[in-house]
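*Asks:* Following this line is input34.cif, made up of mmCIF, C-alpha atoms:
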```
data_work
#
loop_
_atom_site.group_PDB
_atom_site.id
_atom_site.type_symbol
_atom_site.label_atom_id
_atom_site.label_comp_id
_atom_site.auth_asym_id
_atom_site.auth_seq_id
_atom_site.Cartn_x
_atom_site.Cartn_y
_atom_site.Cartn_z
ATOM 1 C CA MET A 296 32.060 -120.514 -46.156
ATOM 2 C CA LYS A 297 32.852 -117.077 -47.624
ATOM 3 C CA GLN A 298 36.432 -117.267 -46.368
ATOM 4 C CA GLU A 299 36.907 -120.727 -47.900
ATOM 5 C CA GLN A 300 35.469 -119.597 -51.243
ATOM 6 C CA LEU A 301 37.669 -116.504 -51.343
ATOM 7 C CA GLN A 302 40.741 -118.571 -50.486
ATOM 8 C CA GLU A 303 39.952 -120.986 -53.322
ATOM 9 C CA THR A 304 39.675 -118.022 -55.709
ATOM 10 C CA LEU A 305 43.014 -116.645 -54.525
ATOM 11 C CA ASP A 306 44.748 -120.026 -54.748
ATOM 12 C CA TYR A 307 43.552 -120.437 -58.328
ATOM 13 C CA LEU A 308 44.740 -116.977 -59.432
ATOM 14 C CA LYS A 309 48.114 -117.345 -57.720
ATOM 15 C CA LYS A 310 48.627 -120.685 -59.458
ATOM 16 C CA ARG A 311 47.846 -118.935 -62.745
ATOM 17 C CA GLY A 312 50.731 -116.547 -62.057
ATOM 18 C CA ILE A 313 49.099 -113.457 -60.527
ATOM 19 C CA ASN A 314 51.570 -112.605 -57.803
ATOM 20 C CA GLN A 315 51.777 -109.557 -55.521
ATOM 21 C CA PRO A 316 50.334 -106.795 -57.712
ATOM 22 C CA CYS A 317 50.898 -103.315 -56.320
ATOM 23 C CA VAL A 318 47.791 -101.600 -57.687
ATOM 24 C CA GLY A 319 44.264 -102.792 -58.412
ATOM 25 C CA ILE A 320 42.151 -101.023 -61.039
ATOM 26 C CA VAL A 321 38.408 -101.289 -61.683
ATOM 27 C CA LEU A 322 37.319 -100.189 -65.155
ATOM 28 C CA GLY A 323 33.848 -98.709 -65.478
ATOM 29 C CA THR A 324 31.262 -98.598 -68.228
ATOM 30 C CA GLY A 325 32.702 -97.952 -71.678
ATOM 31 C CA PHE A 326 36.339 -98.178 -70.574
ATOM 32 C CA GLY A 327 38.860 -100.699 -71.860
ATOM 33 C CA THR A 328 41.666 -99.011 -73.774
ATOM 34 C CA LEU A 329 43.737 -98.803 -70.577
ATOM 35 C CA ILE A 330 44.517 -102.460 -71.230
ATOM 36 C CA ASN A 331 46.446 -101.417 -74.342
ATOM 37 C CA GLU A 332 48.886 -99.557 -72.078
ATOM 38 C CA ILE A 333 49.664 -102.642 -69.978
ATOM 39 C CA VAL A 334 52.421 -105.157 -70.656
ATOM 40 C CA VAL A 335 50.024 -108.070 -70.179
ATOM 41 C CA GLU A 336 51.315 -111.215 -68.510
ATOM 42 C CA LYS A 337 48.004 -112.952 -67.733
ATOM 43 C CA GLU A 338 44.447 -112.502 -68.963
ATOM 44 C CA ILE A 339 41.782 -114.641 -67.292
ATOM 45 C CA ALA A 340 38.049 -114.622 -68.035
ATOM 46 C CA TYR A 341 35.817 -114.251 -65.000
ATOM 47 C CA THR A 342 34.052 -117.446 -66.048
ATOM 48 C CA GLU A 343 37.299 -119.382 -65.403
ATOM 49 C CA ILE A 344 37.790 -118.079 -61.843
ATOM 50 C CA PRO A 345 36.208 -120.132 -59.033
ATOM 51 C CA TYR A 346 33.275 -118.342 -57.341
ATOM 52 C CA PHE A 347 33.820 -115.184 -59.382
ATOM 53 C CA PRO A 348 30.627 -113.494 -60.609
ATOM 54 C CA GLU A 349 30.126 -113.037 -64.337
ATOM 55 C CA ALA A 350 29.758 -109.578 -65.871
ATOM 56 C CA THR A 351 26.358 -109.546 -67.581
ATOM 57 C CA VAL A 352 26.296 -105.976 -68.900
ATOM 58 C CA GLU A 353 27.170 -105.902 -72.612
ATOM 59 C CA PHE A 354 29.722 -103.080 -72.323
ATOM 60 C CA HIS A 355 31.636 -104.803 -69.494
ATOM 61 C CA SER A 356 34.058 -107.379 -70.918
ATOM 62 C CA GLY A 357 34.452 -109.648 -67.898
ATOM 63 C CA LYS A 358 38.126 -110.487 -67.489
ATOM 64 C CA MET A 359 40.988 -110.015 -65.051
ATOM 65 C CA ILE A 360 44.253 -108.723 -66.468
ATOM 66 C CA TYR A 361 47.655 -108.849 -64.780
ATOM 67 C CA GLY A 362 50.794 -107.136 -65.990
ATOM 68 C CA GLU A 363 52.974 -104.054 -65.742
ATOM 69 C CA LEU A 364 51.919 -100.422 -66.030
ATOM 70 C CA SER A 365 54.152 -97.427 -65.296
ATOM 71 C CA GLY A 366 56.774 -99.750 -63.849
ATOM 72 C CA LYS A 367 54.394 -101.372 -61.344
ATOM 73 C CA LYS A 368 52.593 -104.702 -61.271
ATOM 74 C CA VAL A 369 48.860 -104.106 -61.646
ATOM 75 C CA VAL A 370 45.740 -106.253 -61.688
ATOM 76 C CA VAL A 371 42.778 -104.880 -63.613
ATOM 77 C CA MET A 372 39.117 -105.799 -63.452
ATOM 78 C CA SER A 373 37.851 -105.146 -66.971
ATOM 79 C CA GLY A 374 34.168 -105.305 -66.158
ATOM 80 C CA ARG A 375 32.543 -104.812 -62.764
ATOM 81 C CA PHE A 376 29.426 -106.136 -61.054
ATOM 82 C CA HIS A 377 26.317 -104.205 -60.050
ATOM 83 C CA LEU A 378 23.432 -104.774 -57.671
ATOM 84 C CA TYR A 379 21.030 -104.177 -60.563
ATOM 85 C CA GLU A 380 22.348 -107.333 -62.243
ATOM 86 C CA GLY A 381 20.823 -109.314 -59.395
ATOM 87 C CA TYR A 382 24.059 -109.851 -57.513
ATOM 88 C CA SER A 383 24.359 -109.593 -53.738
ATOM 89 C CA PRO A 384 26.540 -106.882 -52.158
ATOM 90 C CA TRP A 385 29.089 -109.639 -51.387
ATOM 91 C CA GLU A 386 29.235 -110.632 -55.057
ATOM 92 C CA VAL A 387 29.405 -107.024 -56.243
ATOM 93 C CA THR A 388 32.523 -106.458 -54.135
ATOM 94 C CA TYR A 389 34.073 -109.910 -54.525
ATOM 95 C CA GLY A 390 36.647 -108.557 -56.964
ATOM 96 C CA ILE A 391 37.870 -105.972 -54.445
ATOM 97 C CA ARG A 392 38.381 -108.628 -51.790
ATOM 98 C CA THR A 393 40.118 -110.798 -54.380
ATOM 99 C CA MET A 394 42.545 -108.088 -55.489
ATOM 100 C CA HIS A 395 43.299 -107.253 -51.857
ATOM 101 C CA GLY A 396 43.986 -110.919 -51.147
ATOM 102 C CA LEU A 397 46.376 -110.979 -54.104
ATOM 103 C CA GLY A 398 48.382 -108.214 -52.450
ATOM 104 C CA ILE A 399 47.367 -104.807 -53.864
ATOM 105 C CA LYS A 400 48.302 -101.786 -51.751
ATOM 106 C CA HIS A 401 46.228 -99.162 -53.627
ATOM 107 C CA LEU A 402 42.918 -99.236 -55.481
ATOM 108 C CA LEU A 403 41.920 -97.059 -58.449
ATOM 109 C CA ILE A 404 38.281 -96.986 -59.529
ATOM 110 C CA SER A 405 36.640 -95.502 -62.609
ATOM 111 C CA ASN A 406 32.992 -95.101 -63.509
ATOM 112 C CA ALA A 407 30.605 -93.385 -65.879
ATOM 113 C CA ALA A 408 28.235 -90.994 -64.130
ATOM 114 C CA GLY A 409 25.574 -88.403 -64.791
ATOM 115 C CA ALA A 410 26.358 -84.776 -63.955
ATOM 116 C CA ILE A 411 23.959 -83.451 -61.305
ATOM 117 C CA ASN A 412 26.008 -80.287 -60.832
ATOM 118 C CA LEU A 413 24.964 -78.286 -63.880
ATOM 119 C CA ASN A 414 28.314 -76.494 -63.958
ATOM 120 C CA TYR A 415 29.849 -79.836 -64.926
ATOM 121 C CA LYS A 416 29.464 -80.950 -68.552
ATOM 122 C CA LYS A 417 29.434 -84.319 -70.268
ATOM 123 C CA GLY A 418 32.852 -85.518 -71.331
ATOM 124 C CA GLU A 419 34.530 -83.959 -68.286
ATOM 125 C CA LEU A 420 36.186 -85.789 -65.381
ATOM 126 C CA MET A 421 35.299 -85.610 -61.692
ATOM 127 C CA LEU A 422 37.428 -86.759 -58.772
ATOM 128 C CA LEU A 423 35.331 -88.244 -55.988
ATOM 129 C CA GLU A 424 35.791 -86.457 -52.655
ATOM 130 C CA ASP A 425 32.901 -88.101 -50.834
ATOM 131 C CA HIS A 426 29.763 -90.089 -51.552
ATOM 132 C CA ILE A 427 26.186 -90.831 -50.541
ATOM 133 C CA ASN A 428 25.062 -94.457 -50.500
ATOM 134 C CA LEU A 429 21.482 -94.575 -51.831
ATOM 135 C CA GLN A 430 21.526 -98.252 -52.788
ATOM 136 C CA GLY A 431 19.713 -99.380 -49.661
ATOM 137 C CA SER A 432 22.337 -101.937 -48.658
ATOM 138 C CA SER A 433 25.867 -102.408 -47.359
ATOM 139 C CA PRO A 434 28.497 -104.912 -48.509
ATOM 140 C CA LEU A 435 29.497 -105.297 -44.841
ATOM 141 C CA ALA A 436 26.034 -106.384 -43.658
ATOM 142 C CA PHE A 437 26.403 -110.156 -43.599
ATOM 143 C CA LYS A 438 27.037 -112.813 -40.982
ATOM 144 C CA GLY A 439 30.752 -113.208 -40.379
ATOM 145 C CA THR A 440 31.807 -109.863 -41.836
ATOM 146 C CA SER A 441 34.058 -109.295 -38.812
ATOM 147 C CA ASN A 442 36.287 -112.090 -40.146
ATOM 148 C CA PHE A 443 37.327 -109.679 -42.910
ATOM 149 C CA GLY A 444 37.921 -106.548 -40.849
ATOM 150 C CA ASN A 445 36.150 -103.953 -38.758
ATOM 151 C CA ILE A 446 32.382 -104.288 -39.226
ATOM 152 C CA PHE A 447 32.033 -100.605 -38.271
ATOM 153 C CA ALA A 448 34.341 -99.345 -41.022
ATOM 154 C CA ASP A 449 35.178 -95.675 -40.531
ATOM 155 C CA MET A 450 33.966 -93.593 -43.496
ATOM 156 C CA VAL A 451 35.443 -90.267 -42.360
ATOM 157 C CA GLU A 452 37.839 -90.436 -45.315
ATOM 158 C CA PRO A 453 36.491 -92.928 -47.882
ATOM 159 C CA TYR A 454 38.840 -91.604 -50.570
ATOM 160 C CA SER A 455 42.537 -91.242 -49.788
ATOM 161 C CA LYS A 456 43.463 -87.572 -49.389
ATOM 162 C CA THR A 457 47.046 -88.407 -50.290
ATOM 163 C CA MET A 458 46.019 -90.082 -53.536
ATOM 164 C CA ASN A 459 43.497 -87.354 -54.333
ATOM 165 C CA ASN A 460 46.085 -84.625 -53.788
ATOM 166 C CA SER A 461 48.476 -86.406 -56.146
ATOM 167 C CA ILE A 462 45.732 -86.799 -58.750
ATOM 168 C CA GLN A 463 44.912 -83.082 -58.609
ATOM 169 C CA GLN A 464 48.571 -82.154 -59.006
ATOM 170 C CA ILE A 465 48.908 -84.512 -61.974
ATOM 171 C CA ALA A 466 45.791 -83.076 -63.627
ATOM 172 C CA ALA A 467 47.102 -79.536 -63.173
ATOM 173 C CA THR A 468 50.526 -80.438 -64.582
ATOM 174 C CA GLN A 469 48.984 -82.273 -67.552
ATOM 175 C CA LYS A 470 46.454 -79.448 -68.077
ATOM 176 C CA ILE A 471 43.526 -81.850 -67.674
ATOM 177 C CA GLN A 472 40.301 -80.338 -66.402
ATOM 178 C CA LEU A 473 39.322 -82.237 -63.280
ATOM 179 C CA HIS A 474 36.321 -81.351 -61.158
ATOM 180 C CA LYS A 475 35.908 -82.443 -57.540
ATOM 181 C CA GLY A 476 32.633 -83.553 -56.093
ATOM 182 C CA ILE A 477 30.217 -85.812 -54.265
ATOM 183 C CA TYR A 478 29.012 -88.991 -55.961
ATOM 184 C CA ALA A 479 25.693 -90.650 -55.183
ATOM 185 C CA SER A 480 25.263 -94.346 -55.887
ATOM 186 C CA VAL A 481 21.729 -95.529 -56.662
ATOM 187 C CA LEU A 482 20.413 -99.016 -57.297
ATOM 188 C CA GLY A 483 19.237 -98.654 -60.904
ATOM 189 C CA PRO A 484 19.107 -99.932 -63.550
ATOM 190 C CA GLN A 485 16.387 -97.426 -64.489
ATOM 191 C CA LEU A 486 17.498 -93.816 -64.796
ATOM 192 C CA GLU A 487 16.230 -91.144 -62.444
ATOM 193 C CA THR A 488 13.056 -89.090 -62.733
ATOM 194 C CA ARG A 489 13.075 -85.307 -62.854
ATOM 195 C CA THR A 490 12.075 -85.190 -59.200
ATOM 196 C CA GLU A 491 14.799 -87.635 -58.220
ATOM 197 C CA TYR A 492 17.378 -85.440 -59.967
ATOM 198 C CA LYS A 493 15.995 -82.429 -58.068
ATOM 199 C CA MET A 494 16.320 -84.395 -54.823
ATOM 200 C CA LEU A 495 19.962 -85.179 -55.608
ATOM 201 C CA GLN A 496 20.631 -81.497 -56.273
ATOM 202 C CA ILE A 497 19.101 -80.620 -52.889
ATOM 203 C CA LEU A 498 21.350 -83.232 -51.247
ATOM 204 C CA GLY A 499 24.407 -81.512 -52.711
ATOM 205 C CA VAL A 500 25.303 -84.323 -55.098
ATOM 206 C CA ASP A 501 27.557 -83.536 -58.070
ATOM 207 C CA ALA A 502 27.298 -86.838 -59.980
ATOM 208 C CA VAL A 503 25.170 -89.981 -59.846
ATOM 209 C CA GLY A 504 25.856 -93.564 -60.851
ATOM 210 C CA MET A 505 25.102 -97.192 -60.001
ATOM 211 C CA SER A 506 28.455 -98.490 -58.780
ATOM 212 C CA THR A 507 31.678 -97.641 -56.903
ATOM 213 C CA VAL A 508 30.294 -96.984 -53.398
ATOM 214 C CA PRO A 509 30.080 -100.674 -52.360
ATOM 215 C CA GLU A 510 33.632 -101.169 -53.637
ATOM 216 C CA VAL A 511 34.887 -98.200 -51.626
ATOM 217 C CA ILE A 512 33.132 -99.379 -48.458
ATOM 218 C CA VAL A 513 34.870 -102.756 -48.719
ATOM 219 C CA ALA A 514 38.205 -101.029 -49.408
ATOM 220 C CA LYS A 515 37.755 -99.103 -46.157
ATOM 221 C CA GLN A 516 37.044 -102.310 -44.216
ATOM 222 C CA LEU A 517 40.278 -103.720 -45.669
ATOM 223 C CA ASN A 518 42.256 -100.507 -44.921
ATOM 224 C CA LEU A 519 42.973 -100.256 -48.631
ATOM 225 C CA PRO A 520 43.661 -96.672 -49.828
ATOM 226 C CA CYS A 521 41.574 -95.843 -52.881
ATOM 227 C CA ALA A 522 40.718 -93.083 -55.313
ATOM 228 C CA ALA A 523 37.947 -92.853 -57.894
ATOM 229 C CA ILE A 524 37.315 -90.797 -61.018
ATOM 230 C CA SER A 525 33.990 -90.389 -62.806
ATOM 231 C CA VAL A 526 33.654 -89.625 -66.482
ATOM 232 C CA LEU A 527 30.557 -87.463 -66.763
ATOM 233 C CA THR A 528 28.668 -88.968 -69.673
ATOM 234 C CA ASP A 529 25.396 -87.028 -69.520
ATOM 235 C CA GLU A 530 23.899 -83.899 -67.978
ATOM 236 C CA CYS A 531 21.008 -84.439 -65.596
ATOM 237 C CA ASP A 532 19.136 -81.153 -65.783
ATOM 238 C CA PRO A 533 15.628 -81.802 -64.396
ATOM 239 C CA GLU A 534 14.297 -78.725 -66.195
ATOM 240 C CA ASN A 535 15.613 -79.869 -69.567
ATOM 241 C CA LEU A 536 15.665 -83.647 -69.326
ATOM 242 C CA GLN A 537 16.213 -85.676 -72.486
ATOM 243 C CA PRO A 538 15.947 -89.446 -73.047
ATOM 244 C CA VAL A 539 19.264 -91.174 -72.380
ATOM 245 C CA ASN A 540 21.127 -92.588 -75.363
ATOM 246 C CA ILE A 541 23.267 -95.474 -74.061
ATOM 247 C CA SER A 542 25.397 -95.659 -77.205
ATOM 248 C CA GLU A 543 26.188 -91.943 -76.823
ATOM 249 C CA ILE A 544 27.160 -92.501 -73.185
ATOM 250 C CA ILE A 545 29.582 -95.255 -74.202
ATOM 251 C CA ALA A 546 31.052 -93.043 -76.929
ATOM 252 C CA ILE A 547 31.574 -90.133 -74.516
ATOM 253 C CA ALA A 548 33.240 -92.447 -71.989
ATOM 254 C CA GLY A 549 35.582 -93.704 -74.700
ATOM 255 C CA LYS A 550 36.571 -90.201 -75.770
ATOM 256 C CA ALA A 551 37.295 -89.120 -72.198
ATOM 257 C CA GLU A 552 39.183 -92.276 -71.220
ATOM 258 C CA PRO A 553 42.628 -91.165 -72.556
ATOM 259 C CA ARG A 554 42.666 -88.295 -70.047
ATOM 260 C CA MET A 555 41.778 -90.633 -67.212
ATOM 261 C CA ILE A 556 44.457 -93.103 -68.370
ATOM 262 C CA LYS A 557 47.067 -90.339 -68.341
ATOM 263 C CA ILE A 558 46.160 -89.506 -64.733
ATOM 264 C CA PHE A 559 46.180 -93.147 -63.635
ATOM 265 C CA LYS A 560 49.540 -93.863 -65.308
ATOM 266 C CA ASN A 561 51.193 -90.858 -63.686
ATOM 267 C CA LEU A 562 49.697 -91.704 -60.307
ATOM 268 C CA ILE A 563 50.878 -95.315 -60.450
ATOM 269 C CA GLU A 564 54.436 -94.082 -61.025
ATOM 270 C CA LEU A 565 54.195 -92.225 -57.710
ATOM 271 C CA LEU A 566 52.676 -95.031 -55.626
#
```
What does this structure look like when you write it as structure tokens?
*Replies:*
Amino acid sequence: MKQEQLQETLDYLKKRGINQPCVGIVLGTGFGTLINEIVVEKEIAYTEIPYFPEATVEFHSGKMIYGELSGKKVVVMSGRFHLYEGYSPWEVTYGIRTMHGLGIKHLLISNAAGAINLNYKKGELMLLEDHINLQGSSPLAFKGTSNFGNIFADMVEPYSKTMNNSIQQIAATQKIQLHKGIYASVLGPQLETRTEYKMLQILGVDAVGMSTVPEVIVAKQLNLPCAAISVLTDECDPENLQPVNISEIIAIAGKAEPRMIKIFKNLIELL
């Protein structure tokens, strides 16, 4: 059934003119101005796509965009899906499987995250080197998953070293501060307690969020090279914890996005 549904989704999008994109991009919380850099050919609301979930979070727009960026055909998910919205792991990662089925060869992921490493400050960028899945589930744990690839996906290198090396070189050339670190994905949607932040520090986590990891796991099953950048939107100091201001988080993400866009555009030129 899942294969038939996915094929129907792909047939619909191909008929709408989305054909062989080179790069897939997932935009995280508070991001959207990247779209202004794209020569847009098609823009399709998630609600129009068969079997596609609907983005329910207010700062996720919920549309798929196809066009040209840095001389390459790209398909962009403006709005992602989260387990905390009540979606299954299959639904959360449906967009990744869709973009892969459309033909992408590389995947770029962005997210907003809290800085667990207290040397990292809000408004800065972090390149994901590795992750810890604390969501209590796997997007590969369903009947028939072997029809989509290796059920025992190898997570030795979840993030492409080649892509990460290029990103670090670009950041250095463009004089963009870019941290490296370990990202932990939690279920949410509630924020963490002081003790939970302390636990994450003990685990060696540098940033925490509620997305990305399921998408990366599916990318690995599909042998799809990927890279991910977090915008650090708040500082999670358990000894000096303040109530989270969501509007401030969105504003910080928006201010940091141009630096992330510059990295993504330069990287796409090289892919």
*Asks:* Residues of stretch 372-473 of chain A that have any atom at most 6 Å from an atom of stretch 314-325 of chain A: could you tabulate them with the shortest-distance atom pair and the distance in Å to one decimal, using all atoms listed in the file, ordered by chain and increasing number, as a tab-separated table?
*Replies:*
```
residue	atom	partner	partner_atom	distance
A:Met372	CA	A:Val321	CA	4.9
A:Ser373	CA	A:Leu322	CA	5.3
A:Leu397	CA	A:Gln315	CA	5.8
A:Gly398	CA	A:Gln315	CA	4.8
A:Ile399	CA	A:Cys317	CA	4.6
A:Lys400	CA	A:Cys317	CA	5.5
A:His401	CA	A:Val318	CA	5.0
A:Leu402	CA	A:Gly319	CA	4.8
A:Leu403	CA	A:Ile320	CA	4.7
A:Ile404	CA	A:Val321	CA	4.8
A:Ser405	CA	A:Gly323	CA	5.1
A:Asn406	CA	A:Gly323	CA	4.2
A:Ala407	CA	A:Thr324	CA	5.8
```
*Asks:* Could you work out how far atom CA of A:Met450 lies from atom CA of A:Asn428, giving the answer in Å with one decimal?
*Replies:*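 Pair atom CA of A:Asn428 / atom CA of A:Met450 returns 11.4 Å.
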*Asks:* Give me the residues within 10 Å of A:Lys560 as a list in words, counting only C-alpha atoms and dropping any in the same chain fewer than 5 places off.
*Replies:*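 Counting only the stated atoms, we get Leu329, Glu332, Ile333, Leu364, Ser365, Gly366, Lys367, Ile465, Met555 and Leu565 of chain A.
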*Asks:* Expanded to explicit residues, what is the PyMOL selection byres ((chain A and resi 473) around 8) for this file, as a PDB file with C-alpha atoms, in the frame of the given file?
*Replies:*
```pdb
ATOM      1  CA  GLU A 419      34.530 -83.959 -68.286  1.00  0.00           C
ATOM      2  CA  LEU A 420      36.186 -85.789 -65.381  1.00  0.00           C
ATOM      3  CA  MET A 421      35.299 -85.610 -61.692  1.00  0.00           C
ATOM      4  CA  LEU A 422      37.428 -86.759 -58.772  1.00  0.00           C
ATOM      5  CA  GLN A 463      44.912 -83.082 -58.609  1.00  0.00           C
ATOM      6  CA  ALA A 466      45.791 -83.076 -63.627  1.00  0.00           C
ATOM      7  CA  ILE A 471      43.526 -81.850 -67.674  1.00  0.00           C
ATOM      8  CA  GLN A 472      40.301 -80.338 -66.402  1.00  0.00           C
ATOM      9  CA  HIS A 474      36.321 -81.351 -61.158  1.00  0.00           C
ATOM     10  CA  LYS A 475      35.908 -82.443 -57.540  1.00  0.00           C
TER      11      LYS A 475
END
```
*Asks:* Run the PyMOL selection byres ((chain A and resi 508) around 12) on the file and write out the hits as an mmCIF file with C-alpha atoms, in the frame of the given file.
*Replies:*
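As a result, part_15.cif now contains:
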```cif
data_model
loop_
_atom_site.group_PDB
_atom_site.id
_atom_site.type_symbol
_atom_site.label_atom_id
_atom_site.label_comp_id
_atom_site.auth_asym_id
_atom_site.auth_seq_id
_atom_site.Cartn_x
_atom_site.Cartn_y
_atom_site.Cartn_z
ATOM 1 C CA PHE A 376 29.426 -106.136 -61.054
ATOM 2 C CA HIS A 377 26.317 -104.205 -60.050
ATOM 3 C CA LEU A 378 23.432 -104.774 -57.671
ATOM 4 C CA PRO A 384 26.540 -106.882 -52.158
ATOM 5 C CA VAL A 387 29.405 -107.024 -56.243
ATOM 6 C CA THR A 388 32.523 -106.458 -54.135
ATOM 7 C CA ILE A 391 37.870 -105.972 -54.445
ATOM 8 C CA ILE A 404 38.281 -96.986 -59.529
ATOM 9 C CA SER A 405 36.640 -95.502 -62.609
ATOM 10 C CA ASN A 406 32.992 -95.101 -63.509
ATOM 11 C CA LEU A 423 35.331 -88.244 -55.988
ATOM 12 C CA GLU A 424 35.791 -86.457 -52.655
ATOM 13 C CA ASP A 425 32.901 -88.101 -50.834
ATOM 14 C CA HIS A 426 29.763 -90.089 -51.552
ATOM 15 C CA ILE A 427 26.186 -90.831 -50.541
ATOM 16 C CA ASN A 428 25.062 -94.457 -50.500
ATOM 17 C CA LEU A 429 21.482 -94.575 -51.831
ATOM 18 C CA GLN A 430 21.526 -98.252 -52.788
ATOM 19 C CA GLY A 431 19.713 -99.380 -49.661
ATOM 20 C CA SER A 432 22.337 -101.937 -48.658
ATOM 21 C CA SER A 433 25.867 -102.408 -47.359
ATOM 22 C CA PRO A 434 28.497 -104.912 -48.509
ATOM 23 C CA LEU A 435 29.497 -105.297 -44.841
ATOM 24 C CA MET A 450 33.966 -93.593 -43.496
ATOM 25 C CA PRO A 453 36.491 -92.928 -47.882
ATOM 26 C CA TYR A 454 38.840 -91.604 -50.570
ATOM 27 C CA ILE A 477 30.217 -85.812 -54.265
ATOM 28 C CA TYR A 478 29.012 -88.991 -55.961
ATOM 29 C CA ALA A 479 25.693 -90.650 -55.183
ATOM 30 C CA SER A 480 25.263 -94.346 -55.887
ATOM 31 C CA VAL A 481 21.729 -95.529 -56.662
ATOM 32 C CA LEU A 482 20.413 -99.016 -57.297
ATOM 33 C CA VAL A 503 25.170 -89.981 -59.846
ATOM 34 C CA GLY A 504 25.856 -93.564 -60.851
ATOM 35 C CA MET A 505 25.102 -97.192 -60.001
ATOM 36 C CA SER A 506 28.455 -98.490 -58.780
ATOM 37 C CA THR A 507 31.678 -97.641 -56.903
ATOM 38 C CA PRO A 509 30.080 -100.674 -52.360
ATOM 39 C CA GLU A 510 33.632 -101.169 -53.637
ATOM 40 C CA VAL A 511 34.887 -98.200 -51.626
ATOM 41 C CA ILE A 512 33.132 -99.379 -48.458
ATOM 42 C CA VAL A 513 34.870 -102.756 -48.719
ATOM 43 C CA ALA A 514 38.205 -101.029 -49.408
ATOM 44 C CA LYS A 515 37.755 -99.103 -46.157
ATOM 45 C CA CYS A 521 41.574 -95.843 -52.881
ATOM 46 C CA ALA A 522 40.718 -93.083 -55.313
ATOM 47 C CA ALA A 523 37.947 -92.853 -57.894
#
```
*Asks:* In Å, with one decimal, what is the gap from atom CA of A:Arg554 to atom CA of A:Val526?
*Replies:*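 Separating atom CA of A:Arg554 from atom CA of A:Val526 is a distance of 9.8 Å.
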*Asks:* Nearest to A:Glu534: which of A:Ala502, A:Ile558, A:Leu486, A:Ile411 is it, counting all atoms listed in the file?
*Replies:*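 Nearest to A:Glu534: A:Ile411.
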*Asks:* Which value, in Å to one decimal, gives the distance between atom CA of A:Thr304 and atom CA of A:Asn442?
*Replies:*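 Interatomic distance, atom CA of A:Thr304 to atom CA of A:Asn442: 17.0 Å.
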*Asks:* Which one of A:Ile563, A:Leu517, A:Cys531, A:Met458 sits closest to A:Glu491 if you count only C-alpha atoms?
*Replies:* A:Cys531
*Asks:* Given the point (40.7, -122.8, -64.0) in the coordinates of this file, which residues lie within 9 Å, counting only C-alpha atoms, and how would they look as a ChimeraX atom specification?
*Replies:* /A:307-308,311,339,342-345
*Asks:* Name the closest residue to A:Ile462 among the candidates A:Val334, A:Glu564, A:Ala350, A:Leu301; distances are taken between atoms, counting only C-alpha atoms.
*Replies:* A:Glu564
*Asks:* Pick out the closest residue to A:Lys557 from this set: A:Tyr389, A:Asn414, A:Tyr379, A:Ala467. Count only C-alpha atoms.
*Replies:* A:Ala467
*Asks:* My list of candidates is A:Asn331, A:Ser461, A:Thr528, A:Gln485. Which is closest to A:Leu566 when distances are computed with all atoms listed in the file?
*Replies:*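 Of A:Asn331, A:Ser461, A:Thr528, A:Gln485, the one nearest A:Leu566, counting all atoms listed in the file, is A:Ser461.
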*Asks:* Restricting the calculation to only C-alpha atoms, which member of A:Asn412, A:Gly362, A:Glu530, A:Tyr346 is positioned closest to A:Glu303?
*Replies:*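 Among the listed residues, the smallest separation from A:Glu303 belongs to A:Tyr346.
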